[in-house]
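Source file my_file-v4.cif; content: mmCIF, C-alpha atoms.
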data_query
loop_
_atom_site.label_atom_id
_atom_site.label_comp_id
_atom_site.auth_asym_id
_atom_site.auth_seq_id
_atom_site.Cartn_x
_atom_site.Cartn_y
_atom_site.Cartn_z
CA MET V 1197 -61.66 -23.92 -174.41
CA THR V 1198 -59.56 -21.23 -176.09
CA THR V 1199 -56.27 -22.55 -177.45
CA PHE V 1200 -53.18 -20.40 -177.94
CA PHE V 1201 -49.97 -22.08 -179.04
CA PRO V 1202 -47.41 -19.84 -180.73
CA MET V 1203 -44.72 -21.00 -183.13
CA ASN V 1204 -41.59 -22.63 -181.71
CA GLY V 1205 -39.43 -19.93 -180.15
CA GLY V 1206 -35.67 -19.65 -179.82
CA ASP V 1207 -33.23 -20.38 -182.62
CA GLY V 1208 -32.88 -24.16 -182.37
CA PRO V 1209 -33.16 -26.70 -185.22
CA TYR V 1210 -36.97 -26.82 -185.01
CA SER V 1211 -37.54 -23.14 -184.21
CA PHE V 1212 -39.82 -21.05 -186.40
CA SER V 1213 -37.10 -18.44 -186.91
CA LYS V 1214 -34.94 -21.13 -188.57
CA ASN V 1215 -37.80 -22.86 -190.40
CA SER V 1216 -40.06 -20.21 -191.88
CA GLN V 1217 -38.93 -20.18 -195.50
CA LEU V 1218 -42.43 -20.87 -196.77
CA GLN V 1219 -43.86 -17.96 -194.81
CA ARG V 1220 -41.12 -15.79 -196.31
CA GLU V 1221 -42.25 -16.88 -199.76
CA VAL V 1222 -45.83 -15.94 -198.89
CA LEU V 1223 -44.67 -12.45 -197.88
CA ASP V 1224 -42.53 -12.08 -200.99
CA GLY V 1225 -45.43 -13.21 -203.17
CA ALA V 1226 -47.72 -10.58 -201.68
CA LYS V 1227 -45.19 -7.73 -201.55
CA GLY V 1228 -46.16 -6.17 -204.86
CA MET V 1229 -49.89 -6.35 -204.09
CA VAL V 1230 -49.40 -4.74 -200.67
CA ARG V 1231 -47.49 -1.92 -202.32
CA ASP V 1232 -50.15 -1.47 -205.01
CA ALA V 1233 -52.89 -1.31 -202.38
CA ILE V 1234 -51.02 1.42 -200.49
CA ILE V 1235 -50.12 3.46 -203.56
CA GLN V 1236 -53.50 3.18 -205.27
CA LYS V 1237 -56.04 3.01 -202.45
CA LEU V 1238 -54.72 4.46 -199.19
CA ASP V 1239 -56.20 7.85 -198.22
CA ILE V 1240 -53.04 9.16 -196.63
CA LYS V 1241 -54.14 12.82 -196.58
CA ILE V 1242 -57.16 11.95 -194.46
CA MET V 1243 -54.97 9.96 -192.08
CA LEU V 1244 -52.41 12.70 -191.62
CA SER V 1245 -55.05 15.34 -191.00
CA SER V 1246 -55.37 14.13 -187.42
CA SER V 1247 -51.83 12.90 -186.69
CA ASN V 1248 -48.24 13.35 -187.81
CA THR V 1249 -47.44 9.78 -186.78
CA ILE V 1250 -48.32 6.78 -188.94
CA ARG V 1251 -49.03 3.71 -186.84
CA ILE V 1252 -48.77 0.23 -188.33
CA ALA V 1253 -49.75 -3.06 -186.68
CA ASP V 1254 -48.55 -6.50 -187.76
CA PHE V 1255 -50.96 -9.07 -186.31
CA GLY V 1256 -49.53 -12.52 -185.68
CA CYS V 1257 -45.90 -11.47 -186.07
CA SER V 1258 -44.49 -14.76 -184.71
CA VAL V 1259 -40.68 -14.85 -184.30
CA GLY V 1260 -37.72 -14.32 -186.59
CA PRO V 1261 -36.93 -11.75 -189.27
CA ASN V 1262 -39.89 -12.26 -191.64
CA THR V 1263 -42.15 -9.74 -189.94
CA PHE V 1264 -39.45 -7.03 -190.05
CA ILE V 1265 -38.89 -7.62 -193.75
CA ALA V 1266 -42.64 -7.26 -194.37
CA MET V 1267 -42.81 -4.06 -192.33
CA GLN V 1268 -39.84 -2.56 -194.15
CA HIS V 1269 -41.72 -3.06 -197.42
CA VAL V 1270 -44.84 -1.44 -195.92
CA VAL V 1271 -42.90 1.56 -194.59
CA GLN V 1272 -41.15 2.08 -197.92
CA ALA V 1273 -44.48 1.94 -199.79
CA LEU V 1274 -45.97 4.47 -197.35
CA LYS V 1275 -43.01 6.80 -197.85
CA ASP V 1276 -43.41 6.53 -201.63
CA LYS V 1277 -47.13 7.28 -201.27
CA LEU V 1278 -46.32 10.34 -199.17
CA LEU V 1279 -43.85 11.53 -201.78
CA GLN V 1280 -46.47 11.00 -204.48
CA VAL V 1281 -49.04 13.06 -202.57
CA THR V 1282 -46.82 15.85 -201.21
CA ASN V 1283 -44.10 15.85 -203.89
CA SER V 1284 -41.67 16.63 -201.10
CA THR V 1285 -39.31 14.73 -198.79
CA ASN V 1286 -39.79 17.32 -196.06
CA ASN V 1287 -41.91 16.67 -192.99
CA ILE V 1288 -41.97 12.90 -193.36
CA PRO V 1289 -44.04 11.66 -190.41
CA GLU V 1290 -42.74 9.37 -187.72
CA PHE V 1291 -43.59 5.67 -188.06
CA GLN V 1292 -44.60 3.52 -185.13
CA ILE V 1293 -44.89 -0.23 -185.69
CA PHE V 1294 -46.61 -2.59 -183.29
CA PHE V 1295 -45.85 -6.33 -183.41
CA ASN V 1296 -48.68 -8.43 -182.02
CA ASP V 1297 -48.82 -12.10 -181.10
CA HIS V 1298 -49.97 -14.38 -178.28
CA VAL V 1299 -48.91 -13.50 -174.76
CA ILE V 1300 -46.57 -16.51 -174.58
CA ASN V 1301 -44.95 -15.78 -177.95
CA ASP V 1302 -41.14 -15.62 -177.84
CA PHE V 1303 -40.82 -11.85 -178.16
CA ASN V 1304 -37.15 -12.02 -177.06
CA THR V 1305 -36.18 -14.00 -180.16
CA LEU V 1306 -38.39 -11.74 -182.26
CA PHE V 1307 -36.65 -8.55 -181.18
CA ARG V 1308 -33.17 -10.08 -181.36
CA SER V 1309 -33.75 -10.25 -185.11
CA LEU V 1310 -34.69 -6.56 -185.28
CA PRO V 1311 -32.75 -4.93 -188.16
CA ILE V 1312 -29.81 -2.68 -187.34
CA ASP V 1313 -31.62 0.19 -189.06
CA ARG V 1314 -34.08 1.16 -186.32
CA SER V 1315 -35.53 4.15 -188.11
CA TYR V 1316 -38.92 3.48 -186.58
CA TYR V 1317 -40.11 2.41 -183.18
CA ALA V 1318 -41.09 -1.20 -182.52
CA PHE V 1319 -43.44 -2.30 -179.76
CA GLY V 1320 -44.56 -5.78 -178.75
CA VAL V 1321 -48.29 -6.03 -178.07
CA PRO V 1322 -49.22 -9.44 -176.58
CA GLY V 1323 -52.75 -10.74 -177.00
CA THR V 1324 -54.98 -12.56 -179.46
CA PHE V 1325 -55.53 -10.55 -182.64
CA HIS V 1326 -59.22 -11.46 -182.78
CA GLY V 1327 -60.14 -8.90 -180.09
CA ARG V 1328 -59.37 -5.28 -179.23
CA LEU V 1329 -55.72 -4.35 -178.72
CA PHE V 1330 -55.38 -0.65 -179.54
CA PRO V 1331 -57.13 2.64 -178.72
CA SER V 1332 -59.95 3.78 -180.99
CA ARG V 1333 -58.91 5.35 -184.29
CA SER V 1334 -55.19 4.88 -183.64
CA ILE V 1335 -53.99 2.48 -186.38
CA HIS V 1336 -53.42 3.58 -189.98
CA PHE V 1337 -52.34 0.31 -191.56
CA ALA V 1338 -52.89 -3.25 -190.34
CA HIS V 1339 -51.11 -6.29 -191.76
CA SER V 1340 -51.61 -10.00 -191.17
CA SER V 1341 -49.81 -12.70 -193.11
CA CYS V 1342 -50.15 -16.41 -192.34
CA ALA V 1343 -52.17 -15.73 -189.17
CA ILE V 1344 -55.71 -14.98 -190.28
CA HIS V 1345 -56.48 -18.69 -190.74
CA TRP V 1346 -55.98 -19.44 -187.03
CA LEU V 1347 -59.26 -19.91 -185.19
CA SER V 1348 -59.71 -18.64 -181.63
CA LYS V 1349 -60.77 -22.13 -180.56
CA ILE V 1350 -61.77 -25.56 -181.82
CA PRO V 1351 -65.44 -25.62 -182.91
CA LYS V 1352 -67.34 -27.08 -179.95
CA GLU V 1353 -69.19 -29.58 -182.16
CA LEU V 1354 -65.88 -31.32 -182.89
CA LEU V 1355 -65.35 -32.01 -179.20
CA ASP V 1356 -68.62 -33.91 -178.71
CA GLU V 1357 -68.35 -37.62 -179.47
CA LYS V 1358 -72.11 -37.77 -180.02
CA SER V 1359 -72.12 -34.89 -182.50
CA PRO V 1360 -72.42 -35.49 -186.27
CA ALA V 1361 -69.29 -33.32 -186.48
CA TRP V 1362 -67.19 -35.74 -184.42
CA ASN V 1363 -64.14 -35.92 -186.70
CA ARG V 1364 -63.16 -39.55 -186.27
CA GLY V 1365 -59.78 -40.54 -187.64
CA SER V 1366 -59.01 -37.04 -188.97
CA ILE V 1367 -57.33 -33.95 -187.53
CA HIS V 1368 -58.75 -31.30 -189.85
CA TYR V 1369 -61.60 -30.55 -192.24
CA ILE V 1370 -59.34 -30.69 -195.31
CA GLY V 1371 -59.78 -34.04 -196.97
CA THR V 1372 -62.86 -35.07 -194.97
CA SER V 1373 -66.17 -35.98 -196.56
CA ASN V 1374 -68.06 -35.07 -193.38
CA VAL V 1375 -70.04 -31.93 -194.25
CA GLU V 1376 -70.90 -31.33 -190.58
CA VAL V 1377 -67.19 -31.03 -189.80
CA VAL V 1378 -66.69 -28.50 -192.58
CA ASN V 1379 -69.77 -26.50 -191.49
CA ALA V 1380 -68.50 -26.39 -187.90
CA TYR V 1381 -65.19 -24.91 -189.08
CA VAL V 1382 -66.96 -22.39 -191.30
CA ALA V 1383 -69.24 -21.28 -188.46
CA GLN V 1384 -66.28 -20.77 -186.10
CA PHE V 1385 -64.39 -18.84 -188.77
CA GLU V 1386 -67.37 -16.52 -189.27
CA LYS V 1387 -67.65 -15.88 -185.51
CA ASP V 1388 -63.95 -15.13 -185.23
CA MET V 1389 -63.91 -12.85 -188.26
CA GLU V 1390 -66.90 -10.96 -186.93
CA MET V 1391 -64.97 -10.31 -183.72
CA LEU V 1392 -61.77 -9.44 -185.61
CA LEU V 1393 -63.44 -7.04 -188.03
CA ASN V 1394 -65.36 -5.33 -185.23
CA ALA V 1395 -62.12 -4.85 -183.29
CA ARG V 1396 -60.18 -3.51 -186.27
CA ALA V 1397 -63.09 -1.26 -187.26
CA GLU V 1398 -62.73 0.46 -183.87
CA GLU V 1399 -58.96 0.73 -184.08
CA ILE V 1400 -58.32 1.72 -187.71
CA VAL V 1401 -58.75 5.35 -188.74
CA GLU V 1402 -61.08 6.45 -191.52
CA GLY V 1403 -59.39 5.72 -194.84
CA GLY V 1404 -56.91 3.35 -193.19
CA MET V 1405 -56.26 -0.11 -194.57
CA MET V 1406 -55.95 -3.73 -193.52
CA VAL V 1407 -54.19 -6.36 -195.64
CA LEU V 1408 -54.69 -10.09 -195.03
CA VAL V 1409 -52.75 -12.92 -196.68
CA THR V 1410 -53.27 -16.68 -196.21
CA PRO V 1411 -50.67 -19.42 -196.84
CA PHE V 1412 -50.39 -21.69 -199.85
CA ALA V 1413 -53.41 -23.97 -200.10
CA SER V 1414 -51.34 -27.01 -201.08
CA TYR V 1415 -49.13 -26.53 -198.03
CA THR V 1416 -52.11 -26.82 -195.73
CA ARG V 1417 -52.93 -30.26 -197.12
CA LEU V 1418 -49.60 -31.52 -195.84
CA MET V 1419 -51.33 -31.75 -192.48
CA ASN V 1420 -53.11 -34.85 -193.78
CA PHE V 1421 -49.77 -36.63 -193.96
CA PHE V 1422 -49.13 -35.82 -190.32
CA GLY V 1423 -52.60 -37.15 -189.49
CA SER V 1424 -51.77 -40.39 -191.29
CA SER V 1425 -48.64 -40.74 -189.14
CA LEU V 1426 -50.79 -40.46 -186.03
CA MET V 1427 -53.10 -43.16 -187.36
CA ASP V 1428 -50.06 -45.38 -188.07
CA LEU V 1429 -49.27 -45.17 -184.36
CA VAL V 1430 -52.91 -46.02 -183.56
CA ASN V 1431 -52.80 -49.09 -185.82
CA GLU V 1432 -49.60 -50.22 -184.14
CA GLY V 1433 -51.19 -49.94 -180.70
CA THR V 1434 -48.86 -47.14 -179.59
CA LEU V 1435 -51.54 -44.44 -179.47
CA ASP V 1436 -55.16 -44.49 -178.32
CA GLU V 1437 -57.46 -43.69 -181.25
CA SER V 1438 -59.66 -41.51 -179.04
CA LEU V 1439 -56.75 -39.07 -178.69
CA VAL V 1440 -56.61 -38.68 -182.47
CA ASP V 1441 -60.39 -38.38 -182.76
CA SER V 1442 -60.42 -35.56 -180.18
CA PHE V 1443 -57.56 -33.65 -181.82
CA ASN V 1444 -58.47 -31.05 -184.43
CA LEU V 1445 -56.28 -28.31 -185.80
CA PRO V 1446 -57.79 -24.84 -185.11
CA MET V 1447 -57.28 -23.55 -188.65
CA TYR V 1448 -59.64 -22.54 -191.43
CA PHE V 1449 -58.44 -21.37 -194.83
CA PRO V 1450 -61.11 -19.07 -196.27
CA SER V 1451 -62.16 -18.78 -199.88
CA PRO V 1452 -62.85 -15.41 -201.52
CA GLU V 1453 -66.55 -16.13 -201.03
CA ASP V 1454 -66.02 -16.75 -197.30
CA MET V 1455 -64.18 -13.45 -196.90
CA THR V 1456 -66.66 -11.47 -198.97
CA LYS V 1457 -69.53 -12.75 -196.83
CA VAL V 1458 -67.99 -11.73 -193.49
CA VAL V 1459 -66.71 -8.36 -194.72
CA GLU V 1460 -70.07 -7.38 -196.22
CA LYS V 1461 -71.87 -8.49 -193.08
CA ASN V 1462 -69.58 -6.30 -190.96
CA GLY V 1463 -70.16 -3.29 -193.20
CA CYS V 1464 -67.25 -1.19 -191.90
CA PHE V 1465 -64.77 -1.97 -194.66
CA SER V 1466 -64.77 -1.78 -198.44
CA ILE V 1467 -63.05 -4.56 -200.38
CA GLU V 1468 -60.36 -2.86 -202.44
CA ARG V 1469 -58.77 -6.04 -203.74
CA MET V 1470 -59.41 -9.74 -203.21
CA GLU V 1471 -57.98 -12.54 -205.29
CA LEU V 1472 -56.44 -15.95 -205.31
CA THR V 1473 -52.86 -15.69 -206.50
CA TYR V 1474 -50.44 -18.35 -207.67
CA PRO V 1475 -46.98 -17.16 -206.64
CA LYS V 1476 -43.92 -19.26 -207.30
CA SER V 1477 -42.64 -21.28 -204.38
CA LYS V 1478 -39.11 -22.68 -204.52
CA LEU V 1479 -39.93 -25.20 -201.78
CA VAL V 1480 -43.09 -26.40 -203.50
CA GLU V 1481 -41.59 -26.31 -207.00
CA GLU V 1482 -38.63 -28.43 -205.89
CA ALA V 1483 -40.98 -30.68 -203.88
CA ASP V 1484 -38.73 -30.20 -200.84
CA ALA V 1485 -40.94 -32.30 -198.57
CA LYS V 1486 -38.49 -32.60 -195.69
CA THR V 1487 -38.07 -28.83 -195.34
CA LEU V 1488 -41.82 -28.31 -195.62
CA MET V 1489 -42.56 -30.85 -192.90
CA ILE V 1490 -39.94 -29.39 -190.55
CA ASN V 1491 -41.59 -26.03 -191.19
CA LEU V 1492 -44.93 -27.56 -190.25
CA ARG V 1493 -43.38 -28.92 -187.06
CA ALA V 1494 -42.09 -25.47 -186.13
CA VAL V 1495 -45.64 -24.15 -186.52
CA LEU V 1496 -47.60 -26.92 -184.80
CA GLU V 1497 -45.31 -28.62 -182.30
CA GLY V 1498 -46.59 -26.76 -179.23
CA LEU V 1499 -50.18 -27.65 -180.09
CA ILE V 1500 -49.27 -31.29 -180.73
CA ILE V 1501 -47.28 -31.70 -177.51
CA ASN V 1502 -50.11 -30.20 -175.47
CA HIS V 1503 -52.51 -32.88 -176.72
CA PHE V 1504 -50.35 -35.98 -177.23
CA GLY V 1505 -47.28 -35.37 -175.09
CA SER V 1506 -43.71 -34.83 -176.23
CA LYS V 1507 -42.90 -38.50 -176.96
CA ILE V 1508 -45.80 -39.04 -179.40
CA ALA V 1509 -45.28 -35.60 -180.92
CA GLU V 1510 -41.61 -36.40 -181.63
CA GLU V 1511 -42.43 -39.82 -183.09
CA ALA V 1512 -45.27 -38.55 -185.31
CA CYS V 1513 -43.16 -35.66 -186.64
CA ALA V 1514 -40.23 -38.01 -187.35
CA ARG V 1515 -42.48 -40.51 -189.14
CA THR V 1516 -44.01 -37.81 -191.30
CA ILE V 1517 -40.58 -36.63 -192.39
CA LEU V 1518 -39.81 -40.25 -193.38
CA LYS V 1519 -42.72 -39.99 -195.83
CA SER V 1520 -40.80 -37.35 -197.80
CA GLU V 1521 -40.80 -39.35 -201.05
CA GLU V 1522 -44.56 -39.90 -200.91
CA ILE V 1523 -45.13 -36.25 -200.01
CA SER V 1524 -42.84 -35.06 -202.81
CA THR V 1525 -44.80 -37.12 -205.33
CA TRP V 1526 -48.03 -35.57 -204.08
CA ILE V 1527 -46.58 -32.04 -204.23
CA LYS V 1528 -45.45 -32.49 -207.83
CA ALA V 1529 -48.92 -33.74 -208.81
CA ASN V 1530 -50.62 -30.77 -207.14
CA TYR V 1531 -48.13 -27.98 -207.79
CA GLU V 1532 -50.49 -25.97 -210.01
CA LYS V 1533 -53.04 -25.85 -207.16
CA SER V 1534 -50.61 -23.95 -204.92
CA CYS V 1535 -52.49 -20.73 -204.29
CA GLN V 1536 -52.89 -18.10 -201.58
CA LEU V 1537 -55.59 -15.53 -200.84
CA PHE V 1538 -54.84 -11.80 -200.79
CA VAL V 1539 -57.33 -9.32 -199.31
CA ALA V 1540 -57.03 -5.53 -199.04
CA LEU V 1541 -59.73 -3.73 -197.02
CA LYS V 1542 -60.24 -0.01 -196.42
CA ARG V 1543 -61.98 1.47 -193.40
CA LYS V 1544 -65.04 3.39 -194.53
#

I'd like the structure from this file rewritten - as structure tokens, please.
Amino acid sequence: MTTFFPMNGGDGPYSFSKNSQLQREVLDGAKGMVRDAIIQKLDIKIMLSSSNTIRIADFGCSVGPNTFIAMQHVVQALKDKLLQVTNSTNNIPEFQIFFNDHVINDFNTLFRSLPIDRSYYAFGVPGTFHGRLFPSRSIHFAHSSCAIHWLSKIPKELLDEKSPAWNRGSIHYIGTSNVEVVNAYVAQFEKDMEMLLNARAEEIVEGGMMVLVTPFASYTRLMNFFGSSLMDLVNEGTLDESLVDSFNLPMYFPSPEDMTKVVEKNGCFSIERMELTYPKSKLVEEADAKTLMINLRAVLEGLIINHFGSKIAEEACARTILKSEEISTWIKANYEKSCQLFVALKRK
């Protein structure tokens, strides 16, 4: 069954718009690399030969101001690239930016945070980013930050109690010693990326680019602390263990080798830059566990409530926040492992 649960909407205390500092750090950490990819690798003359409008798509835009900040950086880099190529500020093309997310995403909160400077058009395009969304050869630059790791669905093997990949007592593949669980996640990631790359290959013009950024690796391991809170409730008799066993987070965080494999198999894109980076994170550096866990709640609460109900979701989130001291100790011990993956692809 396909699962789509967007980030918490609105502007309340557990909304994503109020609790997305870490995602902002991811964007800030990748800003220079996005600019370098545009300046050094984008074939802007080829793109403008067929259109005087540059169309940009941000896949998985979520809610809040982060996506607009990222797009402002992209637009400025594109303008600088145009100036570099034409050596003139005349005839600057029009920019159209499309913000994509799930159909039930809170687009109202998203567009309320639209900057006052509306020098480009903004359109909301609901729908999963794995499949087709735009006309053929219509997009010049595609951007996805902190969304590419979301799977289109839970691997089916994890839903079968008789399968070797039945993930008993865990909610993710990170931290498990069960190789079948890991393989099931990898296989689903490869299927989803095949669909995504095929869709973007149809939509992106020749010479156009797609940039993908994943979150901090150490941040993703915080999900294990939430899983331990669920198991605490199981041990206390408050929660049925079968509910935990059947709950798996639909996320896979690819390695450079994973990405290289799927891109080369697709054959429509060249890898212009791919690397693990180690940007500074104020939240991670200060081991601000409470803020990080509230951020995680803003991301996952809809998914958790759907499976466990609101009462268990509230209790598990609260208990995880109470583990702040333990989490902070873990963060400090693993700070140097805090990395993210940056990928820049060009349409052949």

Legend entry - Selected residue, from V:Tyr1448, V:Tyr1369, V:Tyr1381, V:Phe1465, that lies nearest to Glu1398 in chain V when counting all atoms listed in the file: V:Phe1465

Legend entry - Atomic separation - CA of Glu1468 in chain V relative to CA of Ile1370 in chain V, Å: 28.7 Å

For Lys1358 in chain V, please output as a CSV table (one decimal) with C-alpha atoms, in the coordinates of the input all residues within 12 Å (counting only C-alpha atoms; exclusion window: fewer than 6 positions along the same chain).
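Result file out36.csv:
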chain,number,residue,atom,x,y,z
V,1352,LYS,CA,-67.3,-27.1,-180.0
V,1364,ARG,CA,-63.2,-39.6,-186.3
V,1442,SER,CA,-60.4,-35.6,-180.2

Legend entry - Residues within 6 Å of range 1247-1254 of chain V, all atoms listed in the file, excluding chain neighbours under 3 positions, as a PyMOL selection string: chain V and resi 1244+1257+1289-1295+1335-1340

Inset, instruction - Select, from V:Leu1392, V:Gln1236, V:Gly1327, V:Ser1309, the residue with the minimum atom-to-atom distance to Asp1276 in chain V, counting only C-alpha atoms. - result: V:Gln1236

Legend entry - Selection result of the PyMOL selection byres ((chain V and resi 1490) around 10) on this file, as a list in words: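 For this structure, the PyMOL selection byres ((chain V and resi 1490) around 10) resolves to Pro1209, Tyr1210, Ser1211, Phe1212, Lys1214, Asn1215, Ser1216, Ala1485, Lys1486, Thr1487, Leu1488, Met1489, Asn1491, Leu1492, Arg1493, Ala1494, Val1495, Leu1496, Glu1497, Cys1513, Ala1514, Thr1516 and Ile1517 of chain V.
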
Legend entry - Near-range 1419-1428 of chain V list (10 Å; only C-alpha atoms; drop same-chain fewer than 4 positions) as a PyMOL selection string: chain V and resi 1365-1372+1414-1415+1432-1437+1439-1441+1443-1445+1489+1492-1493+1496+1504+1508-1509+1511-1520+1522-1523

Legend entry - Top pick for closest residue to Ile1350 in chain V, considering V:Ala1529, V:Ile1242, V:Val1281, V:Ala1380 and counting all atoms listed in the file: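 Comparing V:Ala1529, V:Ile1242, V:Val1281, V:Ala1380 against Ile1350 in chain V, the winner is V:Ala1380.
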
Legend entry - Nearby residues (all atoms listed in the file) at most 10 Å from Glu1390 in chain V, same-chain spacing under 6 positions excluded, as a list in words: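 In the requested format, the answer is His1326, Gly1327, Gln1384, Val1458, Val1459, Lys1461 and Asn1462 of chain V.
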
Inset, instruction - Pick out the closest residue to Glu1386 in chain V from this set: V:Lys1457, V:Arg1308, V:Arg1543, V:Arg1231. Count only C-alpha atoms. - result: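 Looking at the shortest contact to Glu1386 in chain V, the residue is V:Lys1457.
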
Inset, instruction - Pick out the closest residue to Pro1261 in chain V from this set: V:Arg1220, V:Lys1507, V:Lys1241, V:Arg1417. Count only C-alpha atoms. - result: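 Among the listed residues, the smallest separation from Pro1261 in chain V belongs to V:Arg1220.
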
Legend entry - Nearest to Phe1307 in chain V by atom-to-atom distance, counting only C-alpha atoms, from V:Ser1506, V:Asn1283, V:Ser1348, V:Ser1213: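 Checking each candidate against Phe1307 in chain V, we get V:Ser1213 as the closest.
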
Inset, instruction - Quote the spacing between CA of Ile1527 in chain V and CA of Met1447 in chain V in Å to one decimal place. - result: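 Separating CA of Ile1527 in chain V from CA of Met1447 in chain V is a distance of 20.7 Å.
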
Legend entry - CA of Met1203 in chain V to CA of Asn1301 in chain V, distance in Å rounded to a single decimal: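 A separation of 7.4 Å between them.
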
Legend entry - Shell around Leu1279 in chain V at 12 Å using all atoms listed in the file, local window under 5 positions removed, as a list in words: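 Answer for this query is Ile1235, Ile1240, Lys1241, Gln1272, Ala1273, Leu1274, Ser1284, Thr1285, Asn1286, Asn1287, Ile1288 and Pro1289 of chain V.
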
Inset, instruction - Decode the PyMOL selection byres ((chain V and resi 1399-1412) around 8) for the given file into explicit residues and return them as a VMD selection string. - result: chain V and resid 1219 1222 1226 1230 1238 to 1240 1242 to 1243 1328 1330 to 1345 1395 to 1398 1413 to 1416 1449 1534 to 1544

Legend entry - Residues matched by the PyMOL selection byres ((chain V and resi 1475) around 6), written as a list in words: Gly1225, Tyr1474 and Lys1476 of chain V
